[in-house]
Amino acid sequence: MTTLDDHPVAPASAQPGMRERTAELLRLRQSVRSGPGERATQAQRARGKLAVHERLEALFDPGTFVEIEGLRRHRASGFGLEDRRPHTDGVVTGWGRVHGRTVFAYAHDFRIFGGSLGESHAAKIHKVMDMAEAAGAPLVSLNDGAGARIQEGVTALAGYGGIFRRNVRASGVIPQISVMLGPCAGGATYSPALTDFVFMVRGISQMFITGPDVVETVTGEKVTQEELGGADLHASVSGAAAFAYDDEESCIEDVRFLLSLLPANNRELPPEAPSAASADEPDEELLDLVPADPNQPYDMRQVIEHLLDGGEMMEVHEQWAPNLLCVLGRIDGRTVGVVANQPRHLAGVLDIEASQKGAAFIQICDAFNIPLVTLVDVPGFLPGTSQEHGGIIRHGAKLLYAYCAATVPRVQVILRKAYGGAYIVMDSRSIGCDLSYAWPTNEIAVMGAEGAVNVIHRREVAASEDPDETRRNLALEYRETLMHPYYAAERGLVDDVIDPRRTRGVVAEALRILRTKQEHVVPRKHGNPPM
């Protein structure tokens, strides 16, 4: 039988006291924060990148970040891993406040194992994702990692599976924002693709499934990392990135601004901010921004700036599908999502990419209780074999489905053209918008007057002595009969024809009255949107 006497206690003088233990803890924390050493930190800066804690300090309000599991280490062995067990295991996780509101985050530390994901690394990310979902707070990932940790084998792949599953589970529940601040290759790219918004920085962030070396080996094509998956490529061609920046600081600052426009979760309304100017003041400049000639282009962004508080807005996918604008901002202090045709690009037609862009934006707004304002000036869908063969029917249906499924307040304003199926898809009364308004320059019709004449009066025009004059007269008659500004209002297809100068006030009042809107949703597991 063993007694306490068999294990003598060391003299009190040999036991470190509370002060010594605390000092030891502080030294350890400082060592953990410093990372693997100054050389690794300087190498990170030489790549034009911030260190992990510098990024977190830029994201969060000063002094609010709380780190968890900072002392965690991996438990893998083999390939020399047992001799390299740095704290954090290459990822910093925790929470803090952004504009005074709680936000969770994880940030890869490229200085440790290249930010690669292993078992312990993944477990830390899983924990902070679970906490964000449980707390009902946004999650921001600062990505700068080399993918799965090869030395840990399939365990690392399972870690990614856990991240993907949590991304999907939290989708539409809390805002998820991915900030790409380094390389992201292979399966790791699917986590950003599953989130709501992706930010990238030119020159330092890339995303691709297979890297340049593999591409050259398989296809013989030589391509750089930037050409294959750089920020501008994904912001303007693939549409995988919603935002692209020249430096990390401006990128992270806009992440903070985006968070200020979003609610913490799907059960809350977006935060309000005081508006300096009254929404009821008429805006004379709106009379000169939009030409009455339906064929003359103009910049719809200028119209949006006049409608939003202080002209402050955040355009999503600015470089991709520029013929459709998707903008977040505030009207009378409350966040709104604006979807608008852009006549400066392709006359504002809807095409495959515009339909995809609009559908994704509408779904995000609907998920997070952000009212939708749709500004319409659309001549139709883009014709051509490339569009038909590329699946414009299927992709256009995505935009239609997103609008029809949206239960948030929906206000439509028709500025000029609204032709054919594109008019229906751009949140018309028939698919459920709550209030529809039109400017006195509106033209709502199956198609333009000239096109209608070519169909209806084809033989008459061909048989006339002066076909051009006959076509002009018949087009004028068609326009005066079926396309005059009050035709749709007379038939209840728009709620009112409004003075353009009072558009901001009319929309603000519509959103105010719809703020308590409740819509019955038929019980179902989920819909089957066109994919």
# chains A, B, ... in the order shown; residues from 1 in each chain; ligands from 1
call {"tool": "closest_atom_pairs", "arguments": {"of": "range 312-413 of chain A", "to": "range 440-456 of chain A", "cutoff": "10 Å", "atoms": "only C-alpha atoms", "output": "Markdown table"}}
result
| residue | atom | partner | partner_atom | distance |
| --- | --- | --- | --- | --- |
| A:Val376 | CA | A:Asn442 | CA | 9.3 |
| A:Asp377 | CA | A:Asn442 | CA | 8.5 |
| A:Val378 | CA | A:Ile444 | CA | 9.8 |
| A:Pro379 | CA | A:Met447 | CA | 7.6 |
| A:Gly380 | CA | A:Met447 | CA | 7.9 |
| A:Val413 | CA | A:Asn442 | CA | 9.5 |
call {"tool": "write_last_selection", "arguments": {"atoms": "all heavy atoms", "output": "mmCIF file, in the first residue's frame"}}
result
data_model
loop_
_atom_site.group_PDB
_atom_site.id
_atom_site.type_symbol
_atom_site.label_atom_id
_atom_site.label_comp_id
_atom_site.auth_asym_id
_atom_site.auth_seq_id
_atom_site.Cartn_x
_atom_site.Cartn_y
_atom_site.Cartn_z
ATOM 1 N N VAL A 376 -35.168 49.074 -63.231
ATOM 2 C CA VAL A 376 -35.328 48.363 -64.508
ATOM 3 C C VAL A 376 -35.129 49.285 -65.698
ATOM 4 O O VAL A 376 -35.756 50.344 -65.795
ATOM 5 C CB VAL A 376 -36.717 47.699 -64.589
ATOM 6 C CG1 VAL A 376 -36.844 46.897 -65.880
ATOM 7 C CG2 VAL A 376 -36.971 46.811 -63.380
ATOM 8 N N ASP A 377 -34.238 48.892 -66.582
ATOM 9 C CA ASP A 377 -34.089 49.496 -67.906
ATOM 10 C C ASP A 377 -33.487 48.406 -68.785
ATOM 11 O O ASP A 377 -32.291 48.401 -69.070
ATOM 12 C CB ASP A 377 -33.194 50.731 -67.854
ATOM 13 C CG ASP A 377 -33.233 51.534 -69.159
ATOM 14 O OD1 ASP A 377 -33.738 50.988 -70.160
ATOM 15 O OD2 ASP A 377 -32.767 52.680 -69.170
ATOM 16 N N VAL A 378 -34.328 47.473 -69.227
ATOM 17 C CA VAL A 378 -33.828 46.257 -69.861
ATOM 18 C C VAL A 378 -34.503 46.016 -71.206
ATOM 19 O O VAL A 378 -35.727 45.989 -71.303
ATOM 20 C CB VAL A 378 -34.016 45.041 -68.921
ATOM 21 C CG1 VAL A 378 -35.482 44.792 -68.605
ATOM 22 C CG2 VAL A 378 -33.353 43.802 -69.484
ATOM 23 N N PRO A 379 -33.709 45.837 -72.267
ATOM 24 C CA PRO A 379 -34.301 45.577 -73.584
ATOM 25 C C PRO A 379 -34.631 44.117 -73.833
ATOM 26 O O PRO A 379 -35.259 43.792 -74.833
ATOM 27 C CB PRO A 379 -33.201 46.041 -74.549
ATOM 28 C CG PRO A 379 -31.931 45.805 -73.796
ATOM 29 C CD PRO A 379 -32.249 46.052 -72.346
ATOM 30 N N GLY A 380 -34.189 43.224 -72.953
ATOM 31 C CA GLY A 380 -34.482 41.806 -73.139
ATOM 32 C C GLY A 380 -33.307 40.942 -72.746
ATOM 33 O O GLY A 380 -32.373 41.395 -72.070
ATOM 34 N N VAL A 413 -38.680 49.739 -59.581
ATOM 35 C CA VAL A 413 -38.815 51.048 -60.226
ATOM 36 C C VAL A 413 -38.395 50.888 -61.684
ATOM 37 O O VAL A 413 -37.250 50.530 -61.971
ATOM 38 C CB VAL A 413 -37.952 52.129 -59.543
ATOM 39 C CG1 VAL A 413 -38.168 53.473 -60.242
ATOM 40 C CG2 VAL A 413 -38.290 52.245 -58.063
#
call {"tool": "residues_around", "arguments": {"residues": "range 330-337 of chain A", "least_positions_apart": "2", "cutoff": "8 Å", "atoms": "only C-alpha atoms", "output": "list in words"}}
result
Leu261, Leu262, Pro270, Pro271, Glu272, Ala273, Pro274, Ser275, Ser278, Ala279, Leu307, Leu308, Asp309, Glu312, Met313, Cys326, Val327, Leu328, Val339, Ile362, Cys365, Ile370, Pro371, Leu372, Val373, Arg504 and Ala508 of chain A
call {"tool": "residues_around", "arguments": {"residues": "Thr503 in chain A", "least_positions_apart": "3", "cutoff": "12 Å", "atoms": "only C-alpha atoms", "output": "PDB file with N, CA, C and O atoms, in the first residue's frame"}}
result
ATOM      1  N   ALA A 279     -34.978  61.701 -46.807  1.00  0.00           N
ATOM      2  CA  ALA A 279     -35.334  60.989 -48.041  1.00  0.00           C
ATOM      3  C   ALA A 279     -36.438  61.705 -48.796  1.00  0.00           C
ATOM      4  O   ALA A 279     -36.681  61.417 -49.973  1.00  0.00           O
ATOM      5  N   ASP A 280     -37.125  62.634 -48.141  1.00  0.00           N
ATOM      6  CA  ASP A 280     -38.266  63.301 -48.769  1.00  0.00           C
ATOM      7  C   ASP A 280     -37.871  64.487 -49.643  1.00  0.00           C
ATOM      8  O   ASP A 280     -38.715  65.037 -50.354  1.00  0.00           O
ATOM      9  N   GLU A 281     -36.617  64.909 -49.575  1.00  0.00           N
ATOM     10  CA  GLU A 281     -36.190  66.057 -50.378  1.00  0.00           C
ATOM     11  C   GLU A 281     -36.129  65.690 -51.855  1.00  0.00           C
ATOM     12  O   GLU A 281     -35.486  64.709 -52.225  1.00  0.00           O
ATOM     13  N   PRO A 282     -36.795  66.442 -52.734  1.00  0.00           N
ATOM     14  CA  PRO A 282     -36.730  66.141 -54.171  1.00  0.00           C
ATOM     15  C   PRO A 282     -35.313  66.333 -54.708  1.00  0.00           C
ATOM     16  O   PRO A 282     -34.576  67.216 -54.261  1.00  0.00           O
ATOM     17  N   ASP A 283     -34.931  65.509 -55.663  1.00  0.00           N
ATOM     18  CA  ASP A 283     -33.589  65.530 -56.235  1.00  0.00           C
ATOM     19  C   ASP A 283     -33.690  65.951 -57.696  1.00  0.00           C
ATOM     20  O   ASP A 283     -34.008  65.142 -58.570  1.00  0.00           O
ATOM     21  N   GLU A 284     -33.407  67.215 -57.970  1.00  0.00           N
ATOM     22  CA  GLU A 284     -33.545  67.755 -59.313  1.00  0.00           C
ATOM     23  C   GLU A 284     -32.603  67.088 -60.302  1.00  0.00           C
ATOM     24  O   GLU A 284     -32.907  66.971 -61.499  1.00  0.00           O
ATOM     25  N   GLU A 285     -31.437  66.639 -59.848  1.00  0.00           N
ATOM     26  CA  GLU A 285     -30.444  66.080 -60.755  1.00  0.00           C
ATOM     27  C   GLU A 285     -30.933  64.803 -61.439  1.00  0.00           C
ATOM     28  O   GLU A 285     -30.457  64.457 -62.521  1.00  0.00           O
ATOM     29  N   LEU A 286     -31.862  64.086 -60.807  1.00  0.00           N
ATOM     30  CA  LEU A 286     -32.353  62.845 -61.409  1.00  0.00           C
ATOM     31  C   LEU A 286     -33.052  63.098 -62.750  1.00  0.00           C
ATOM     32  O   LEU A 286     -33.117  62.209 -63.600  1.00  0.00           O
ATOM     33  N   LEU A 287     -33.569  64.301 -62.949  1.00  0.00           N
ATOM     34  CA  LEU A 287     -34.238  64.606 -64.208  1.00  0.00           C
ATOM     35  C   LEU A 287     -33.260  64.649 -65.373  1.00  0.00           C
ATOM     36  O   LEU A 287     -33.655  64.490 -66.537  1.00  0.00           O
ATOM     37  N   VAL A 303     -27.544  56.993 -60.819  1.00  0.00           N
ATOM     38  CA  VAL A 303     -28.906  56.960 -60.287  1.00  0.00           C
ATOM     39  C   VAL A 303     -28.913  56.320 -58.900  1.00  0.00           C
ATOM     40  O   VAL A 303     -29.536  56.829 -57.962  1.00  0.00           O
ATOM     41  N   ILE A 304     -28.193  55.201 -58.766  1.00  0.00           N
ATOM     42  CA  ILE A 304     -28.144  54.506 -57.480  1.00  0.00           C
ATOM     43  C   ILE A 304     -27.526  55.391 -56.411  1.00  0.00           C
ATOM     44  O   ILE A 304     -28.016  55.444 -55.266  1.00  0.00           O
ATOM     45  N   HIS A 306     -27.665  58.532 -56.145  1.00  0.00           N
ATOM     46  CA  HIS A 306     -28.639  59.542 -55.722  1.00  0.00           C
ATOM     47  C   HIS A 306     -29.733  58.951 -54.834  1.00  0.00           C
ATOM     48  O   HIS A 306     -30.365  59.683 -54.067  1.00  0.00           O
ATOM     49  N   LEU A 307     -29.958  57.671 -54.925  1.00  0.00           N
ATOM     50  CA  LEU A 307     -31.003  57.045 -54.110  1.00  0.00           C
ATOM     51  C   LEU A 307     -30.494  56.628 -52.733  1.00  0.00           C
ATOM     52  O   LEU A 307     -31.263  56.585 -51.769  1.00  0.00           O
ATOM     53  N   LEU A 308     -29.206  56.305 -52.623  1.00  0.00           N
ATOM     54  CA  LEU A 308     -28.659  55.792 -51.364  1.00  0.00           C
ATOM     55  C   LEU A 308     -28.198  56.916 -50.455  1.00  0.00           C
ATOM     56  O   LEU A 308     -27.810  57.993 -50.914  1.00  0.00           O
ATOM     57  N   ILE A 331     -30.893  53.169 -47.465  1.00  0.00           N
ATOM     58  CA  ILE A 331     -31.892  54.184 -47.782  1.00  0.00           C
ATOM     59  C   ILE A 331     -32.615  54.528 -46.486  1.00  0.00           C
ATOM     60  O   ILE A 331     -33.176  53.640 -45.837  1.00  0.00           O
ATOM     61  N   VAL A 373     -34.442  46.404 -53.892  1.00  0.00           N
ATOM     62  CA  VAL A 373     -34.916  47.481 -54.763  1.00  0.00           C
ATOM     63  C   VAL A 373     -34.386  47.181 -56.164  1.00  0.00           C
ATOM     64  O   VAL A 373     -33.173  47.076 -56.361  1.00  0.00           O
ATOM     65  N   LEU A 375     -34.091  48.333 -60.085  1.00  0.00           N
ATOM     66  CA  LEU A 375     -34.195  49.440 -61.044  1.00  0.00           C
ATOM     67  C   LEU A 375     -34.122  48.850 -62.447  1.00  0.00           C
ATOM     68  O   LEU A 375     -33.125  48.222 -62.814  1.00  0.00           O
ATOM     69  N   VAL A 411     -39.279  46.110 -53.960  1.00  0.00           N
ATOM     70  CA  VAL A 411     -39.790  47.315 -54.621  1.00  0.00           C
ATOM     71  C   VAL A 411     -39.134  47.422 -55.994  1.00  0.00           C
ATOM     72  O   VAL A 411     -37.918  47.320 -56.115  1.00  0.00           O
ATOM     73  N   GLN A 412     -39.954  47.635 -57.020  1.00  0.00           N
ATOM     74  CA  GLN A 412     -39.468  47.764 -58.397  1.00  0.00           C
ATOM     75  C   GLN A 412     -39.684  49.189 -58.883  1.00  0.00           C
ATOM     76  O   GLN A 412     -40.732  49.799 -58.625  1.00  0.00           O
ATOM     77  N   VAL A 413     -38.680  49.739 -59.581  1.00  0.00           N
ATOM     78  CA  VAL A 413     -38.815  51.048 -60.226  1.00  0.00           C
ATOM     79  C   VAL A 413     -38.395  50.888 -61.684  1.00  0.00           C
ATOM     80  O   VAL A 413     -37.250  50.530 -61.971  1.00  0.00           O
ATOM     81  N   ILE A 414     -39.311  51.160 -62.619  1.00  0.00           N
ATOM     82  CA  ILE A 414     -39.034  51.044 -64.051  1.00  0.00           C
ATOM     83  C   ILE A 414     -38.682  52.428 -64.573  1.00  0.00           C
ATOM     84  O   ILE A 414     -39.527  53.333 -64.561  1.00  0.00           O
ATOM     85  N   LEU A 415     -37.435  52.603 -65.024  1.00  0.00           N
ATOM     86  CA  LEU A 415     -36.985  53.913 -65.473  1.00  0.00           C
ATOM     87  C   LEU A 415     -37.305  54.144 -66.945  1.00  0.00           C
ATOM     88  O   LEU A 415     -37.804  55.209 -67.316  1.00  0.00           O
ATOM     89  N   SER A 436     -44.650  48.321 -57.290  1.00  0.00           N
ATOM     90  CA  SER A 436     -43.978  48.621 -58.554  1.00  0.00           C
ATOM     91  C   SER A 436     -44.267  50.065 -58.940  1.00  0.00           C
ATOM     92  O   SER A 436     -45.426  50.496 -58.967  1.00  0.00           O
ATOM     93  N   TYR A 437     -43.210  50.809 -59.227  1.00  0.00           N
ATOM     94  CA  TYR A 437     -43.347  52.209 -59.644  1.00  0.00           C
ATOM     95  C   TYR A 437     -42.675  52.382 -61.004  1.00  0.00           C
ATOM     96  O   TYR A 437     -41.818  51.593 -61.391  1.00  0.00           O
ATOM     97  N   ALA A 438     -43.061  53.430 -61.710  1.00  0.00           N
ATOM     98  CA  ALA A 438     -42.480  53.705 -63.022  1.00  0.00           C
ATOM     99  C   ALA A 438     -42.272  55.194 -63.182  1.00  0.00           C
ATOM    100  O   ALA A 438     -43.046  56.007 -62.658  1.00  0.00           O
ATOM    101  N   TRP A 439     -41.214  55.550 -63.873  1.00  0.00           N
ATOM    102  CA  TRP A 439     -41.001  56.939 -64.267  1.00  0.00           C
ATOM    103  C   TRP A 439     -41.852  57.235 -65.503  1.00  0.00           C
ATOM    104  O   TRP A 439     -42.271  56.301 -66.220  1.00  0.00           O
ATOM    105  N   PRO A 440     -42.105  58.491 -65.795  1.00  0.00           N
ATOM    106  CA  PRO A 440     -42.926  58.823 -66.984  1.00  0.00           C
ATOM    107  C   PRO A 440     -42.226  58.504 -68.305  1.00  0.00           C
ATOM    108  O   PRO A 440     -42.843  58.664 -69.373  1.00  0.00           O
ATOM    109  N   ASP A 496     -47.885  52.996 -59.477  1.00  0.00           N
ATOM    110  CA  ASP A 496     -47.977  54.432 -59.694  1.00  0.00           C
ATOM    111  C   ASP A 496     -46.875  54.859 -60.661  1.00  0.00           C
ATOM    112  O   ASP A 496     -45.827  54.222 -60.754  1.00  0.00           O
ATOM    113  N   VAL A 497     -47.154  55.925 -61.402  1.00  0.00           N
ATOM    114  CA  VAL A 497     -46.133  56.604 -62.190  1.00  0.00           C
ATOM    115  C   VAL A 497     -45.690  57.799 -61.372  1.00  0.00           C
ATOM    116  O   VAL A 497     -46.521  58.644 -60.995  1.00  0.00           O
ATOM    117  N   ILE A 498     -44.394  57.870 -61.060  1.00  0.00           N
ATOM    118  CA  ILE A 498     -43.921  58.840 -60.073  1.00  0.00           C
ATOM    119  C   ILE A 498     -43.018  59.893 -60.692  1.00  0.00           C
ATOM    120  O   ILE A 498     -42.422  59.697 -61.753  1.00  0.00           O
ATOM    121  N   ASP A 499     -42.924  61.024 -60.013  1.00  0.00           N
ATOM    122  CA  ASP A 499     -41.979  62.080 -60.356  1.00  0.00           C
ATOM    123  C   ASP A 499     -40.571  61.558 -60.067  1.00  0.00           C
ATOM    124  O   ASP A 499     -40.265  61.197 -58.919  1.00  0.00           O
ATOM    125  N   PRO A 500     -39.697  61.491 -61.065  1.00  0.00           N
ATOM    126  CA  PRO A 500     -38.349  60.959 -60.819  1.00  0.00           C
ATOM    127  C   PRO A 500     -37.623  61.641 -59.673  1.00  0.00           C
ATOM    128  O   PRO A 500     -36.831  61.007 -58.962  1.00  0.00           O
ATOM    129  N   VAL A 506     -40.123  58.039 -52.311  1.00  0.00           N
ATOM    130  CA  VAL A 506     -41.142  57.028 -52.582  1.00  0.00           C
ATOM    131  C   VAL A 506     -40.638  55.639 -52.181  1.00  0.00           C
ATOM    132  O   VAL A 506     -41.356  54.859 -51.542  1.00  0.00           O
ATOM    133  N   VAL A 507     -39.391  55.316 -52.538  1.00  0.00           N
ATOM    134  CA  VAL A 507     -38.832  54.012 -52.193  1.00  0.00           C
ATOM    135  C   VAL A 507     -38.664  53.884 -50.679  1.00  0.00           C
ATOM    136  O   VAL A 507     -38.969  52.828 -50.094  1.00  0.00           O
ATOM    137  N   ALA A 508     -38.210  54.955 -50.040  1.00  0.00           N
ATOM    138  CA  ALA A 508     -38.026  54.914 -48.582  1.00  0.00           C
ATOM    139  C   ALA A 508     -39.350  54.661 -47.868  1.00  0.00           C
ATOM    140  O   ALA A 508     -39.419  53.875 -46.921  1.00  0.00           O
ATOM    141  N   GLU A 509     -40.406  55.313 -48.325  1.00  0.00           N
ATOM    142  CA  GLU A 509     -41.718  55.111 -47.705  1.00  0.00           C
ATOM    143  C   GLU A 509     -42.234  53.704 -47.972  1.00  0.00           C
ATOM    144  O   GLU A 509     -42.830  53.068 -47.088  1.00  0.00           O
ATOM    145  N   ALA A 510     -42.014  53.198 -49.186  1.00  0.00           N
ATOM    146  CA  ALA A 510     -42.439  51.830 -49.501  1.00  0.00           C
ATOM    147  C   ALA A 510     -41.738  50.826 -48.586  1.00  0.00           C
ATOM    148  O   ALA A 510     -42.365  49.899 -48.058  1.00  0.00           O
TER     149      ALA A 510
END
call {"tool": "select_by_dssp", "arguments": {"residues": "range 7-137 of chain A", "states": "alpha helix (DSSP H)", "output": "JSON, numbers by chain"}}
result
{"A": [18, 19, 20, 21, 22, 23, 24, 25, 26, 27, 28, 29, 30, 31, 32, 33, 34, 38, 39, 40, 41, 42, 43, 44, 45, 46, 52, 53, 54, 55, 56, 57, 58, 59, 119, 120, 121, 122, 123, 124, 125, 126, 127, 128, 129, 130, 131, 132, 133, 134, 135]}
call {"tool": "residues_around", "arguments": {"residues": "range 382-397 of chain A", "least_positions_apart": "5", "cutoff": "12 Å", "atoms": "only C-alpha atoms", "output": "JSON, numbers by chain"}}
result
{"A": [323, 345, 346, 347, 348, 349, 350, 351, 352, 353, 354, 355, 356, 357, 358, 359, 360, 402, 403, 404, 405, 420, 421, 422, 424, 425, 426, 528, 529, 530, 531]}
call {"tool": "residues_around", "arguments": {"residues": "Ser238 in chain A", "least_positions_apart": "5", "cutoff": "12 Å", "atoms": "only C-alpha atoms", "output": "MDAnalysis selection string"}}
result
chainID A and resid 193 207:208 227:233 317 319:321 353 356:357
call {"tool": "select_by_dssp", "arguments": {"residues": "range 139-332 of chain A", "states": "strand (DSSP E or B)", "output": "PyMOL selection string"}}
result
chain A and resi 139-143+148+176-180+183-185+197-201+206-208+243-245+313-316+324-331
call {"tool": "write_last_selection", "arguments": {"atoms": "N, CA and C atoms", "output": "short mmCIF file (atom, residue, chain, number, x, y, z; two decimals), in the first residue's frame"}}
result
data_model
loop_
_atom_site.label_atom_id
_atom_site.label_comp_id
_atom_site.auth_asym_id
_atom_site.auth_seq_id
_atom_site.Cartn_x
_atom_site.Cartn_y
_atom_site.Cartn_z
N LEU A 139 -18.89 34.97 -39.53
CA LEU A 139 -17.61 34.28 -39.53
C LEU A 139 -16.77 34.81 -40.68
N VAL A 140 -15.54 35.22 -40.36
CA VAL A 140 -14.59 35.70 -41.38
C VAL A 140 -13.40 34.77 -41.38
N SER A 141 -13.01 34.27 -42.56
CA SER A 141 -11.81 33.45 -42.68
C SER A 141 -10.76 34.24 -43.45
N LEU A 142 -9.56 34.35 -42.85
CA LEU A 142 -8.43 35.00 -43.51
C LEU A 142 -7.52 33.90 -44.04
N ASN A 143 -7.63 33.61 -45.32
CA ASN A 143 -7.03 32.42 -45.91
C ASN A 143 -5.63 32.70 -46.48
N ALA A 148 -3.86 20.97 -47.96
CA ALA A 148 -3.77 19.88 -46.98
C ALA A 148 -2.31 19.59 -46.64
N GLN A 176 -21.01 34.51 -43.95
CA GLN A 176 -19.69 33.90 -44.04
C GLN A 176 -18.89 34.63 -45.11
N ILE A 177 -17.73 35.14 -44.71
CA ILE A 177 -16.90 35.95 -45.59
C ILE A 177 -15.52 35.33 -45.68
N SER A 178 -15.05 35.08 -46.89
CA SER A 178 -13.71 34.53 -47.12
C SER A 178 -12.81 35.62 -47.67
N VAL A 179 -11.66 35.82 -47.03
CA VAL A 179 -10.69 36.81 -47.47
C VAL A 179 -9.43 36.06 -47.90
N MET A 180 -9.13 36.08 -49.19
CA MET A 180 -8.01 35.33 -49.74
C MET A 180 -6.76 36.20 -49.71
N PRO A 183 -2.08 31.81 -51.31
CA PRO A 183 -2.49 30.75 -52.23
C PRO A 183 -3.61 29.89 -51.65
N CYS A 184 -4.44 29.37 -52.54
CA CYS A 184 -5.50 28.44 -52.13
C CYS A 184 -5.71 27.49 -53.30
N ALA A 185 -5.32 26.24 -53.11
CA ALA A 185 -5.32 25.30 -54.22
C ALA A 185 -6.05 24.01 -53.88
N PHE A 197 -19.40 35.80 -49.49
CA PHE A 197 -18.59 36.80 -50.19
C PHE A 197 -17.13 36.38 -50.17
N VAL A 198 -16.44 36.59 -51.30
CA VAL A 198 -15.02 36.27 -51.40
C VAL A 198 -14.26 37.54 -51.77
N PHE A 199 -13.26 37.89 -50.95
CA PHE A 199 -12.39 39.04 -51.20
C PHE A 199 -11.02 38.51 -51.63
N MET A 200 -10.38 39.18 -52.59
CA MET A 200 -9.03 38.80 -53.02
C MET A 200 -8.15 40.04 -53.15
N VAL A 201 -6.83 39.82 -53.05
CA VAL A 201 -5.85 40.90 -53.17
C VAL A 201 -4.93 40.59 -54.34
N GLN A 206 -4.27 33.71 -54.86
CA GLN A 206 -4.67 32.92 -56.04
C GLN A 206 -5.56 31.76 -55.58
N MET A 207 -6.48 31.38 -56.45
CA MET A 207 -7.32 30.20 -56.22
C MET A 207 -7.35 29.38 -57.50
N PHE A 208 -7.07 28.09 -57.40
CA PHE A 208 -7.22 27.19 -58.53
C PHE A 208 -7.29 25.76 -58.03
N PHE A 243 -14.90 40.74 -54.78
CA PHE A 243 -14.15 41.98 -54.63
C PHE A 243 -12.67 41.72 -54.87
N ALA A 244 -11.96 42.69 -55.45
CA ALA A 244 -10.51 42.59 -55.68
C ALA A 244 -9.87 43.92 -55.29
N TYR A 245 -8.71 43.84 -54.61
CA TYR A 245 -8.05 45.03 -54.08
C TYR A 245 -6.55 45.00 -54.39
N MET A 313 -22.05 53.31 -51.25
CA MET A 313 -22.51 52.01 -51.68
C MET A 313 -21.35 51.03 -51.78
N MET A 314 -21.67 49.74 -51.75
CA MET A 314 -20.69 48.68 -51.92
C MET A 314 -21.18 47.78 -53.04
N GLU A 315 -20.50 47.87 -54.18
CA GLU A 315 -20.93 47.10 -55.34
C GLU A 315 -20.31 45.71 -55.30
N VAL A 316 -21.14 44.70 -55.44
CA VAL A 316 -20.73 43.30 -55.40
C VAL A 316 -20.49 42.83 -56.84
N LEU A 324 -25.27 44.13 -65.30
CA LEU A 324 -26.20 44.10 -64.18
C LEU A 324 -25.45 44.55 -62.93
N LEU A 325 -26.01 45.52 -62.23
CA LEU A 325 -25.38 46.04 -61.02
C LEU A 325 -26.04 45.43 -59.79
N CYS A 326 -25.22 45.01 -58.84
CA CYS A 326 -25.69 44.49 -57.55
C CYS A 326 -25.00 45.29 -56.47
N VAL A 327 -25.76 46.04 -55.69
CA VAL A 327 -25.19 47.04 -54.79
C VAL A 327 -25.82 46.92 -53.41
N LEU A 328 -24.99 47.04 -52.37
CA LEU A 328 -25.48 47.16 -51.00
C LEU A 328 -25.28 48.60 -50.55
N GLY A 329 -26.25 49.13 -49.86
CA GLY A 329 -26.17 50.48 -49.32
C GLY A 329 -27.31 50.70 -48.34
N ARG A 330 -27.60 51.97 -48.06
CA ARG A 330 -28.69 52.27 -47.13
C ARG A 330 -29.62 53.32 -47.74
N ILE A 331 -30.89 53.17 -47.46
CA ILE A 331 -31.89 54.18 -47.78
C ILE A 331 -32.62 54.53 -46.49
#
call {"tool": "closest_residue", "arguments": {"among": "A:Arg169, A:Arg458, A:Arg472, A:His234", "to": "Glu318 in chain A", "atoms": "only C-alpha atoms"}}
result
A:His234
call {"tool": "atom_distance", "arguments": {"atom1": "CA of Pro16 in chain A", "atom2": "CA of Ser31 in chain A"}}
result
20.0 Å
call {"tool": "closest_residue", "arguments": {"among": "A:Asp130, A:Glu20, A:Asp366, A:Glu469", "to": "Pro263 in chain A", "atoms": "only C-alpha atoms"}}
result
A:Asp366
